[in-house]
Every structure is written in C-alpha cells, then in structure tokens.
Amino acid sequence: MIQYSDELVRRTNELFYNLGGESYDHSHDEIIVLEVPRWKKIAELFLKNSEKKRIVLDVGCGTGFVPSVICPYLKRDDEMICADISREILNQCRTKLGQKKFDCNLSYKIYDGTCLPLENYSADVITMNSVLHHIPDTGFFLKEVSRVLKKGGYLIIGHEANALFYKNWIIWTLYRILYVLYHPKSIFDILRKRGFLEYDKTILKQGNQEDELTAKINNSLLAEGLINQRLTRLKIDNIVEYYNIRGFTIKDINQYLNFELIFFETYNHLYWVFVEHYKNPFIVLLNKILGFFYPKDGKNMLLIFKKP
Ligand SMILES: C[S@@+](CC[C@H](N)C(=O)[O-])C[C@H]1O[C@@H](n2cnc3c(N)ncnc32)[C@H](O)[C@@H]1O
C-alpha cells in the first residue's frame, strides 16, 4: 500500500466531499438503499425504548444516511450529533434532515479529523457507516472514540472494509471474473493497477483531460503545497478510500479499544457485482451461497462493540 501523509488523506477527503458530495445520494445505492434494513435493525435493538436521555454521535455523517434511519427511534430529550470533515456535505445533511420531523435534538459539527468534538465520557452511542477506511490514523481516532464514549456505551461500525474478503482467493477470483464479464473494459484498469499499462500515459493519449473534480482537487492540493505533481483520478480515489483496498480485521480495530465485540457480520460477498446487480436473482443466490460457506469473508462488515 502506498503511504500518504495523514494531512494529505484528510484534506483530499475534505475536498472530495466538499466538491463532489452533491451527487452522493444518487450514486451510492450500496448505502442509501442496501444498508437501510441493517441500520433499522440496529436502531430496534440498541436505540428503541430507553428510559434515559442518550447522546448519539455519527462520525462522517455525510448527507445524513445514518441519522435519517435512526432518528425516528430517538426520543425528544435524546441528542443526535452529526459530525463530518466536509463542510459542504454537512450542509447537505442539515438541509436534508431539517426537512424531516424528528423528535430528538439534532446538531451539526465540523470535525477536523483529529480530536472528536465531544467531552470525555459523554456519548452513549457512536455510529459510523463507511467511514473508518477514510481516516488515516486509525489508532488515534479509535483512542478518541474510547475517550468520548461512556462506560457501557456502544461503538457501531457499519459498511466497513473487511480484510478477509481480499484474502479469500475463491471469493476474490470469482468476483474479479464476474466483474470483468459485466465490465469488459475494466481489464485495462486491472492491467494499469498491475503496472502493465501506465495510467498517466493513457490520460495523455486522451488529450490530457482531467475531469472537473480531479482538476479542482489537484489545484487546491498544489496551491497548499500538499503535492508537487498532479494526481490522477485513480490516485485521488485511492487516497480518499485510504484503507478500503486492504480492509481491516477485528484485531486491527480492537487493538486500540479493548472493547467487547458483541455483534459481527459480513456481507456483500460479490462486492460491486452484488451492489450493481442486487435485483438479479442469479447474483443474489450466488451471494447467499458464498455467505453461507464463508460467513466471515464478505466485502463489508458490521461490528458492534461495547465499552466495558
Ligand atoms: C463514504 S462517505 C459515508 C457517509 C455516510 N456515513 C453514509 O453512510 O452515507 C464518507 C464520509 O466520511 C467523511 N470523512 C472522510 N474523512 C473523514 C475524517 N477524517 N473524519 C471525519 N469524516 C471524514 C467524508 O466527508 C464523507 O462524508
């Protein structure tokens, strides 16, 4: 894995979601559609019917996916805090959630990607969906989680990248074959990633065109001195999705927490092929069969920890 500075990863994420976050809800069915039942179940189990007032922090809230699913389960005195590194996406979240009528109190906080914007031992529940792999210093972040969570509080990590998916060669090979069958042109990307084709030269052949988002991100990073040569879109995507192409194990996460893992499941055993074809009965069946034989090796995982 190529190492990038923490500052570059944080700033590239901030720019990426500031400048490109507008299309997020329309291009992420794997979350906006497919994660709804999972988060409803979580809310039923962990948030419904509590006597006492709770503080819930959603880190990397994006356009407000997690709060929009779980807020209906919170009561009048409960507080839902939405935090994100990107000001623009946080504004979208505010607009979107402001149109809904929830009983709980909602607040919005810019999170600079270092110290969490909460006091010690103040949160009852911390949620994050598809976020941990964007954060460059996993250890520092999880120590922050441990700092702000109350004793007996829950950390709920959804839609996270699972390292075991990449290590199961049967699943990985099957996924690659199906992906190439559905996207024949992707063979060129594979050759580029393996170093048989030079990505930058291909761009030059196409007239050195950068898409608008890539150009804007490059201009800012160059002006701020965070890079000294322009990045390709592929590199920007890899920086934004920093740990996604390697994933985490339970140990990678819990070594910084020492919490009790009270729930674990993996899903999306065919990764993008499943996400793009989740209505195709053959793909659904194959995904189920793989899930049956390899329950721990899906691309995404849900982990629920309890702080002792
Ligand atoms: C894939 S999106 C997920 C958004 C939302 N949780 C969802 O499920 O739709 C990743 C989010 O993490 C945010 N993010 C990226 N790096 C971050 C960091 N270091 N700290 C906090 N949020 C970050 C991005 O701005 C973006 O909103």
# chains A, B, ... in the order shown; residues from 1 in each chain; ligands from 1

call {"tool": "residues_around", "arguments": {"residues": "A:Lys48", "least_positions_apart": "4", "cutoff": "10 Å", "atoms": "only C-alpha atoms", "output": "VMD selection string"}}
result
chain A and resid 42 to 44 70 72 to 75

call {"tool": "residues_near_ligand", "arguments": {"ligand": "ligand 1", "cutoff": "6 Å", "atoms": "only C-alpha atoms and all ligand atoms", "output": "PyMOL selection string"}}
result
chain A and resi 10+13-14+17+31+59-62+65+84-86+111+113+128-131+134-135

call {"tool": "residues_around", "arguments": {"residues": "A:Cys115", "least_positions_apart": "2", "cutoff": "9 Å", "atoms": "only C-alpha atoms", "output": "ChimeraX atom specification"}}
result
/A:111-113,117-118,140-141,144

call {"tool": "closest_residue", "arguments": {"among": "A:Pro281, A:Pro295, A:Gly153, A:Gly158", "to": "A:Glu35", "atoms": "only C-alpha atoms"}}
result
A:Gly158

call {"tool": "closest_residue", "arguments": {"among": "A:Lys235, A:Val240, A:Thr12, A:Asn168", "to": "A:Leu270", "atoms": "only C-alpha atoms"}}
result
A:Asn168

call {"tool": "closest_residue", "arguments": {"among": "A:Leu97, A:Met301, A:Leu15, A:Ile2", "to": "A:Glu160", "atoms": "only C-alpha atoms"}}
result
A:Met301

call {"tool": "select_by_dssp", "arguments": {"residues": "stretch 198-257 of chain A", "states": "alpha helix (DSSP H)", "output": "MDAnalysis selection string"}}
result
chainID A and resid 199:205 212:223 233:240 250:254

call {"tool": "write_last_selection", "arguments": {"atoms": "N, CA and C atoms", "output": "mmCIF file, in the first residue's frame"}}
result
data_model
loop_
_atom_site.group_PDB
_atom_site.id
_atom_site.type_symbol
_atom_site.label_atom_id
_atom_site.label_comp_id
_atom_site.auth_asym_id
_atom_site.auth_seq_id
_atom_site.Cartn_x
_atom_site.Cartn_y
_atom_site.Cartn_z
ATOM 1 N N TYR A 199 -0.969 4.511 -16.304
ATOM 2 C CA TYR A 199 -2.208 5.265 -16.221
ATOM 3 C C TYR A 199 -2.040 6.683 -16.793
ATOM 4 N N ASP A 200 -0.932 7.339 -16.400
ATOM 5 C CA ASP A 200 -0.752 8.736 -16.802
ATOM 6 C C ASP A 200 -0.633 8.878 -18.317
ATOM 7 N N LYS A 201 0.073 7.883 -18.947
ATOM 8 C CA LYS A 201 0.231 7.950 -20.402
ATOM 9 C C LYS A 201 -1.130 7.827 -21.090
ATOM 10 N N THR A 202 -2.001 7.008 -20.507
ATOM 11 C CA THR A 202 -3.327 6.828 -21.112
ATOM 12 C C THR A 202 -4.075 8.158 -21.106
ATOM 13 N N ILE A 203 -3.916 8.875 -19.980
ATOM 14 C CA ILE A 203 -4.581 10.181 -19.901
ATOM 15 C C ILE A 203 -4.016 11.104 -20.978
ATOM 16 N N LEU A 204 -2.684 11.068 -21.148
ATOM 17 C CA LEU A 204 -2.070 11.932 -22.158
ATOM 18 C C LEU A 204 -2.628 11.616 -23.541
ATOM 19 N N LYS A 205 -2.795 10.298 -23.808
ATOM 20 C CA LYS A 205 -3.312 9.895 -25.118
ATOM 21 C C LYS A 205 -4.721 10.442 -25.338
ATOM 22 N N GLU A 212 -13.474 17.478 -14.020
ATOM 23 C CA GLU A 212 -13.518 18.746 -13.297
ATOM 24 C C GLU A 212 -13.134 18.600 -11.818
ATOM 25 N N LEU A 213 -13.647 17.520 -11.216
ATOM 26 C CA LEU A 213 -13.367 17.300 -9.795
ATOM 27 C C LEU A 213 -11.872 17.068 -9.574
ATOM 28 N N THR A 214 -11.269 16.235 -10.421
ATOM 29 C CA THR A 214 -9.829 15.951 -10.304
ATOM 30 C C THR A 214 -9.033 17.244 -10.441
ATOM 31 N N ALA A 215 -9.399 18.063 -11.422
ATOM 32 C CA ALA A 215 -8.668 19.307 -11.661
ATOM 33 C C ALA A 215 -8.761 20.225 -10.440
ATOM 34 N N LYS A 216 -9.952 20.347 -9.873
ATOM 35 C CA LYS A 216 -10.116 21.258 -8.726
ATOM 36 C C LYS A 216 -9.333 20.748 -7.515
ATOM 37 N N ILE A 217 -9.390 19.440 -7.286
ATOM 38 C CA ILE A 217 -8.666 18.879 -6.133
ATOM 39 C C ILE A 217 -7.166 19.085 -6.336
ATOM 40 N N ASN A 218 -6.670 18.788 -7.547
ATOM 41 C CA ASN A 218 -5.240 18.982 -7.833
ATOM 42 C C ASN A 218 -4.831 20.436 -7.619
ATOM 43 N N ASN A 219 -5.651 21.373 -8.114
ATOM 44 C CA ASN A 219 -5.306 22.793 -7.983
ATOM 45 C C ASN A 219 -5.168 23.191 -6.518
ATOM 46 N N SER A 220 -6.112 22.737 -5.687
ATOM 47 C CA SER A 220 -6.043 23.095 -4.263
ATOM 48 C C SER A 220 -4.842 22.447 -3.598
ATOM 49 N N LEU A 221 -4.628 21.147 -3.848
ATOM 50 C CA LEU A 221 -3.527 20.452 -3.163
ATOM 51 C C LEU A 221 -2.175 21.032 -3.569
ATOM 52 N N LEU A 222 -2.063 21.415 -4.851
ATOM 53 C CA LEU A 222 -0.800 22.026 -5.319
ATOM 54 C C LEU A 222 -0.595 23.385 -4.655
ATOM 55 N N ALA A 223 -1.671 24.198 -4.631
ATOM 56 C CA ALA A 223 -1.568 25.547 -4.045
ATOM 57 C C ALA A 223 -1.213 25.468 -2.561
ATOM 58 N N ARG A 233 -7.034 10.641 -11.342
ATOM 59 C CA ARG A 233 -8.290 10.392 -10.629
ATOM 60 C C ARG A 233 -8.194 9.092 -9.826
ATOM 61 N N LEU A 234 -7.516 8.088 -10.429
ATOM 62 C CA LEU A 234 -7.372 6.806 -9.731
ATOM 63 C C LEU A 234 -6.624 6.995 -8.407
ATOM 64 N N LYS A 235 -5.564 7.808 -8.439
ATOM 65 C CA LYS A 235 -4.783 8.037 -7.206
ATOM 66 C C LYS A 235 -5.630 8.800 -6.189
ATOM 67 N N ILE A 236 -6.382 9.780 -6.663
ATOM 68 C CA ILE A 236 -7.237 10.538 -5.730
ATOM 69 C C ILE A 236 -8.243 9.594 -5.069
ATOM 70 N N ASP A 237 -8.854 8.731 -5.882
ATOM 71 C CA ASP A 237 -9.814 7.773 -5.311
ATOM 72 C C ASP A 237 -9.139 6.888 -4.267
ATOM 73 N N ASN A 238 -7.916 6.462 -4.558
ATOM 74 C CA ASN A 238 -7.210 5.591 -3.604
ATOM 75 C C ASN A 238 -6.833 6.326 -2.320
ATOM 76 N N ILE A 239 -6.568 7.619 -2.435
ATOM 77 C CA ILE A 239 -6.252 8.393 -1.218
ATOM 78 C C ILE A 239 -7.526 8.583 -0.390
ATOM 79 N N VAL A 240 -8.624 8.925 -1.079
ATOM 80 C CA VAL A 240 -9.893 9.139 -0.365
ATOM 81 C C VAL A 240 -10.324 7.850 0.351
ATOM 82 N N ILE A 250 -10.822 -7.660 12.738
ATOM 83 C CA ILE A 250 -11.374 -7.252 14.045
ATOM 84 C C ILE A 250 -10.221 -6.795 14.936
ATOM 85 N N LYS A 251 -9.090 -7.541 14.838
ATOM 86 C CA LYS A 251 -7.935 -7.220 15.701
ATOM 87 C C LYS A 251 -7.371 -5.829 15.370
ATOM 88 N N ASP A 252 -7.314 -5.504 14.057
ATOM 89 C CA ASP A 252 -6.810 -4.172 13.658
ATOM 90 C C ASP A 252 -7.550 -3.080 14.414
ATOM 91 N N ILE A 253 -8.866 -3.292 14.590
ATOM 92 C CA ILE A 253 -9.697 -2.269 15.223
ATOM 93 C C ILE A 253 -9.611 -2.370 16.749
ATOM 94 N N ASN A 254 -9.770 -3.589 17.260
ATOM 95 C CA ASN A 254 -9.917 -3.708 18.719
ATOM 96 C C ASN A 254 -8.608 -3.587 19.485
#

call {"tool": "closest_residue", "arguments": {"among": "A:Tyr166, A:Glu241, A:Phe305, A:His183", "to": "A:His269", "atoms": "only C-alpha atoms"}}
result
A:Tyr166

call {"tool": "residues_around", "arguments": {"residues": "A:Leu57", "least_positions_apart": "6", "cutoff": "9 Å", "atoms": "only C-alpha atoms", "output": "PDB file with C-alpha atoms, in the first residue's frame"}}
result
ATOM      1  CA  GLU A  79     -29.405  14.256  21.130  1.00  0.00           C
ATOM      2  CA  MET A  80     -28.144  13.283  17.689  1.00  0.00           C
ATOM      3  CA  ILE A  81     -24.825  14.919  16.748  1.00  0.00           C
ATOM      4  CA  CYS A  82     -23.814  14.766  13.094  1.00  0.00           C
ATOM      5  CA  ALA A  83     -20.071  15.335  12.502  1.00  0.00           C
ATOM      6  CA  LEU A 118     -17.149  15.939  22.470  1.00  0.00           C
ATOM      7  CA  ALA A 123     -21.566   9.805  24.244  1.00  0.00           C
ATOM      8  CA  ASP A 124     -23.851   6.814  24.745  1.00  0.00           C
ATOM      9  CA  VAL A 125     -23.523   5.583  21.171  1.00  0.00           C
ATOM     10  CA  ILE A 126     -21.042   6.365  18.383  1.00  0.00           C
ATOM     11  CA  THR A 127     -22.055   5.329  14.890  1.00  0.00           C
ATOM     12  CA  MET A 128     -20.111   5.386  11.663  1.00  0.00           C
TER      13      MET A 128
END

call {"tool": "select_by_dssp", "arguments": {"residues": "stretch 69-300 of chain A", "states": "strand (DSSP E)", "output": "PyMOL selection string"}}
result
chain A and resi 79-84+105-110+123-129+149-161+260-267+300

call {"tool": "write_last_selection", "arguments": {"atoms": "N, CA and C atoms", "output": "short mmCIF file (atom, residue, chain, number, x, y, z; two decimals), in the first residue's frame"}}
result
data_model
loop_
_atom_site.label_atom_id
_atom_site.label_comp_id
_atom_site.auth_asym_id
_atom_site.auth_seq_id
_atom_site.Cartn_x
_atom_site.Cartn_y
_atom_site.Cartn_z
N GLU A 79 -30.14 13.34 21.98
CA GLU A 79 -29.40 14.26 21.13
C GLU A 79 -28.68 13.48 20.04
N MET A 80 -28.85 13.92 18.81
CA MET A 80 -28.14 13.28 17.69
C MET A 80 -27.15 14.30 17.15
N ILE A 81 -25.85 13.99 17.24
CA ILE A 81 -24.82 14.92 16.75
C ILE A 81 -24.25 14.36 15.44
N CYS A 82 -24.34 15.17 14.40
CA CYS A 82 -23.81 14.77 13.09
C CYS A 82 -22.47 15.48 12.91
N ALA A 83 -21.40 14.71 12.66
CA ALA A 83 -20.07 15.33 12.50
C ALA A 83 -19.43 14.87 11.21
N ASP A 84 -18.79 15.81 10.52
CA ASP A 84 -18.10 15.43 9.29
C ASP A 84 -16.95 16.40 9.03
N ASN A 105 -33.20 16.08 19.43
CA ASN A 105 -32.45 17.30 19.09
C ASN A 105 -31.34 16.93 18.13
N LEU A 106 -31.21 17.75 17.08
CA LEU A 106 -30.15 17.49 16.10
C LEU A 106 -29.12 18.60 16.15
N SER A 107 -27.84 18.26 16.10
CA SER A 107 -26.83 19.30 15.95
C SER A 107 -25.77 18.84 14.95
N TYR A 108 -25.03 19.81 14.43
CA TYR A 108 -24.08 19.54 13.34
C TYR A 108 -22.73 20.11 13.71
N LYS A 109 -21.69 19.28 13.59
CA LYS A 109 -20.36 19.76 13.98
C LYS A 109 -19.34 19.41 12.91
N ILE A 110 -18.54 20.41 12.56
CA ILE A 110 -17.39 20.14 11.70
C ILE A 110 -16.36 19.42 12.54
N ALA A 123 -20.66 10.40 25.25
CA ALA A 123 -21.57 9.80 24.24
C ALA A 123 -22.04 8.42 24.69
N ASP A 124 -23.32 8.15 24.45
CA ASP A 124 -23.85 6.81 24.75
C ASP A 124 -23.60 5.87 23.58
N VAL A 125 -23.70 6.41 22.37
CA VAL A 125 -23.52 5.58 21.17
C VAL A 125 -22.73 6.38 20.14
N ILE A 126 -21.73 5.74 19.52
CA ILE A 126 -21.04 6.37 18.38
C ILE A 126 -21.29 5.47 17.18
N THR A 127 -21.80 6.09 16.11
CA THR A 127 -22.05 5.33 14.89
C THR A 127 -21.14 5.84 13.78
N MET A 128 -20.83 4.96 12.87
CA MET A 128 -20.11 5.39 11.66
C MET A 128 -20.38 4.36 10.57
N ASN A 129 -20.74 4.87 9.41
CA ASN A 129 -21.06 3.98 8.29
C ASN A 129 -20.18 4.32 7.11
N LEU A 149 -16.61 8.00 24.61
CA LEU A 149 -17.72 7.08 24.88
C LEU A 149 -17.86 6.83 26.38
N LYS A 150 -19.13 6.76 26.84
CA LYS A 150 -19.37 6.45 28.26
C LYS A 150 -19.09 4.97 28.52
N LYS A 151 -18.86 4.62 29.76
CA LYS A 151 -18.76 3.21 30.12
C LYS A 151 -20.09 2.54 29.78
N GLY A 152 -20.04 1.39 29.16
CA GLY A 152 -21.27 0.70 28.76
C GLY A 152 -21.82 1.21 27.44
N GLY A 153 -21.14 2.22 26.84
CA GLY A 153 -21.59 2.78 25.56
C GLY A 153 -21.24 1.86 24.38
N TYR A 154 -21.88 2.14 23.24
CA TYR A 154 -21.69 1.28 22.06
C TYR A 154 -20.98 2.03 20.93
N LEU A 155 -20.08 1.31 20.27
CA LEU A 155 -19.50 1.81 19.02
C LEU A 155 -20.03 0.91 17.90
N ILE A 156 -20.72 1.52 16.93
CA ILE A 156 -21.32 0.72 15.85
C ILE A 156 -20.67 1.12 14.52
N ILE A 157 -19.95 0.18 13.94
CA ILE A 157 -19.22 0.45 12.69
C ILE A 157 -19.88 -0.35 11.57
N GLY A 158 -20.51 0.36 10.64
CA GLY A 158 -21.22 -0.32 9.55
C GLY A 158 -20.49 -0.14 8.22
N HIS A 159 -20.77 -1.04 7.30
CA HIS A 159 -20.28 -0.96 5.92
C HIS A 159 -18.77 -0.69 5.89
N GLU A 160 -18.05 -1.47 6.68
CA GLU A 160 -16.59 -1.26 6.71
C GLU A 160 -15.88 -2.34 5.89
N ALA A 161 -14.69 -1.99 5.40
CA ALA A 161 -13.95 -2.91 4.52
C ALA A 161 -13.33 -4.05 5.33
N GLU A 260 -15.64 -4.96 24.19
CA GLU A 260 -16.22 -6.29 23.97
C GLU A 260 -16.95 -6.27 22.62
N LEU A 261 -16.60 -7.20 21.73
CA LEU A 261 -17.30 -7.28 20.44
C LEU A 261 -18.59 -8.03 20.67
N ILE A 262 -19.74 -7.35 20.54
CA ILE A 262 -20.99 -8.05 20.88
C ILE A 262 -21.76 -8.47 19.63
N PHE A 263 -21.37 -7.96 18.44
CA PHE A 263 -22.03 -8.41 17.21
C PHE A 263 -21.07 -8.23 16.05
N PHE A 264 -21.07 -9.24 15.16
CA PHE A 264 -20.20 -9.15 13.98
C PHE A 264 -20.87 -9.90 12.84
N GLU A 265 -20.95 -9.26 11.68
CA GLU A 265 -21.41 -9.99 10.48
C GLU A 265 -20.73 -9.39 9.26
N THR A 266 -20.58 -10.22 8.22
CA THR A 266 -20.04 -9.68 6.97
C THR A 266 -21.06 -9.94 5.86
N TYR A 267 -20.99 -9.15 4.80
CA TYR A 267 -21.97 -9.26 3.72
C TYR A 267 -21.35 -8.73 2.43
N ASN A 300 -17.98 -6.32 3.04
CA ASN A 300 -18.29 -5.33 4.08
C ASN A 300 -18.62 -6.01 5.40
#

call {"tool": "closest_residue", "arguments": {"among": "A:Thr95, A:Leu164, A:Lys193, A:Glu276", "to": "A:Ser27", "atoms": "only C-alpha atoms"}}
result
A:Glu276

call {"tool": "closest_residue", "arguments": {"among": "A:Arg38, A:Gln255, A:Tyr278, A:Trp272", "to": "A:Gly298", "atoms": "only C-alpha atoms"}}
result
A:Trp272

call {"tool": "atom_distance", "arguments": {"atom1": "atom CA of A:Arg246", "atom2": "atom CA of A:Val145"}}
result
22.2 Å

call {"tool": "atom_distance", "arguments": {"atom1": "atom CA of A:Asp77", "atom2": "atom CA of A:Pro37"}}
result
25.1 Å

call {"tool": "decode", "arguments": {"residues": "stretch 4-25 of chain A", "atoms": "N, CA and C atoms", "output": "PDB file, in the first residue's frame"}}
result
ATOM      1  N   TYR A   4       0.610   7.742   2.265  1.00  0.00           N
ATOM      2  CA  TYR A   4       0.426   9.184   2.065  1.00  0.00           C
ATOM      3  C   TYR A   4       0.379   9.828   3.441  1.00  0.00           C
ATOM      4  N   SER A   5       0.719  11.126   3.508  1.00  0.00           N
ATOM      5  CA  SER A   5       0.706  11.759   4.830  1.00  0.00           C
ATOM      6  C   SER A   5      -0.746  11.860   5.320  1.00  0.00           C
ATOM      7  N   ASP A   6      -0.898  11.852   6.656  1.00  0.00           N
ATOM      8  CA  ASP A   6      -2.243  11.958   7.247  1.00  0.00           C
ATOM      9  C   ASP A   6      -2.930  13.229   6.764  1.00  0.00           C
ATOM     10  N   GLU A   7      -2.149  14.301   6.678  1.00  0.00           N
ATOM     11  CA  GLU A   7      -2.711  15.588   6.281  1.00  0.00           C
ATOM     12  C   GLU A   7      -3.252  15.517   4.849  1.00  0.00           C
ATOM     13  N   LEU A   8      -2.496  14.852   3.968  1.00  0.00           N
ATOM     14  CA  LEU A   8      -2.955  14.739   2.576  1.00  0.00           C
ATOM     15  C   LEU A   8      -4.251  13.924   2.498  1.00  0.00           C
ATOM     16  N   VAL A   9      -4.306  12.823   3.263  1.00  0.00           N
ATOM     17  CA  VAL A   9      -5.519  11.980   3.220  1.00  0.00           C
ATOM     18  C   VAL A   9      -6.725  12.761   3.737  1.00  0.00           C
ATOM     19  N   ARG A  10      -6.520  13.478   4.837  1.00  0.00           N
ATOM     20  CA  ARG A  10      -7.636  14.251   5.419  1.00  0.00           C
ATOM     21  C   ARG A  10      -8.107  15.346   4.464  1.00  0.00           C
ATOM     22  N   ARG A  11      -7.142  16.100   3.927  1.00  0.00           N
ATOM     23  CA  ARG A  11      -7.509  17.247   3.084  1.00  0.00           C
ATOM     24  C   ARG A  11      -8.131  16.771   1.760  1.00  0.00           C
ATOM     25  N   THR A  12      -7.609  15.661   1.208  1.00  0.00           N
ATOM     26  CA  THR A  12      -8.176  15.154  -0.057  1.00  0.00           C
ATOM     27  C   THR A  12      -9.618  14.707   0.178  1.00  0.00           C
ATOM     28  N   ASN A  13      -9.863  14.055   1.329  1.00  0.00           N
ATOM     29  CA  ASN A  13     -11.240  13.671   1.666  1.00  0.00           C
ATOM     30  C   ASN A  13     -12.133  14.902   1.779  1.00  0.00           C
ATOM     31  N   GLU A  14     -11.617  15.906   2.472  1.00  0.00           N
ATOM     32  CA  GLU A  14     -12.415  17.121   2.688  1.00  0.00           C
ATOM     33  C   GLU A  14     -12.779  17.743   1.339  1.00  0.00           C
ATOM     34  N   LEU A  15     -11.759  17.872   0.467  1.00  0.00           N
ATOM     35  CA  LEU A  15     -12.016  18.484  -0.853  1.00  0.00           C
ATOM     36  C   LEU A  15     -12.959  17.619  -1.678  1.00  0.00           C
ATOM     37  N   PHE A  16     -12.714  16.313  -1.653  1.00  0.00           N
ATOM     38  CA  PHE A  16     -13.507  15.382  -2.459  1.00  0.00           C
ATOM     39  C   PHE A  16     -14.999  15.501  -2.112  1.00  0.00           C
ATOM     40  N   TYR A  17     -15.304  15.540  -0.799  1.00  0.00           N
ATOM     41  CA  TYR A  17     -16.715  15.594  -0.407  1.00  0.00           C
ATOM     42  C   TYR A  17     -17.267  17.026  -0.431  1.00  0.00           C
ATOM     43  N   ASN A  18     -16.375  18.021  -0.285  1.00  0.00           N
ATOM     44  CA  ASN A  18     -16.842  19.403  -0.450  1.00  0.00           C
ATOM     45  C   ASN A  18     -17.265  19.653  -1.892  1.00  0.00           C
ATOM     46  N   LEU A  19     -16.438  19.159  -2.817  1.00  0.00           N
ATOM     47  CA  LEU A  19     -16.646  19.494  -4.231  1.00  0.00           C
ATOM     48  C   LEU A  19     -17.526  18.484  -4.961  1.00  0.00           C
ATOM     49  N   GLY A  20     -17.514  17.242  -4.483  1.00  0.00           N
ATOM     50  CA  GLY A  20     -18.222  16.199  -5.250  1.00  0.00           C
ATOM     51  C   GLY A  20     -19.370  15.551  -4.501  1.00  0.00           C
ATOM     52  N   GLY A  21     -19.658  16.045  -3.291  1.00  0.00           N
ATOM     53  CA  GLY A  21     -20.654  15.373  -2.454  1.00  0.00           C
ATOM     54  C   GLY A  21     -22.095  15.510  -2.927  1.00  0.00           C
ATOM     55  N   GLU A  22     -22.335  16.430  -3.860  1.00  0.00           N
ATOM     56  CA  GLU A  22     -23.711  16.701  -4.279  1.00  0.00           C
ATOM     57  C   GLU A  22     -24.389  15.481  -4.914  1.00  0.00           C
ATOM     58  N   SER A  23     -23.565  14.663  -5.620  1.00  0.00           N
ATOM     59  CA  SER A  23     -24.154  13.511  -6.319  1.00  0.00           C
ATOM     60  C   SER A  23     -24.163  12.256  -5.441  1.00  0.00           C
ATOM     61  N   TYR A  24     -23.740  12.421  -4.172  1.00  0.00           N
ATOM     62  CA  TYR A  24     -23.538  11.244  -3.312  1.00  0.00           C
ATOM     63  C   TYR A  24     -24.769  10.328  -3.232  1.00  0.00           C
ATOM     64  N   ASP A  25     -25.912  10.890  -2.891  1.00  0.00           N
ATOM     65  CA  ASP A  25     -27.099  10.052  -2.666  1.00  0.00           C
ATOM     66  C   ASP A  25     -27.533   9.299  -3.924  1.00  0.00           C
TER      67      ASP A  25
END
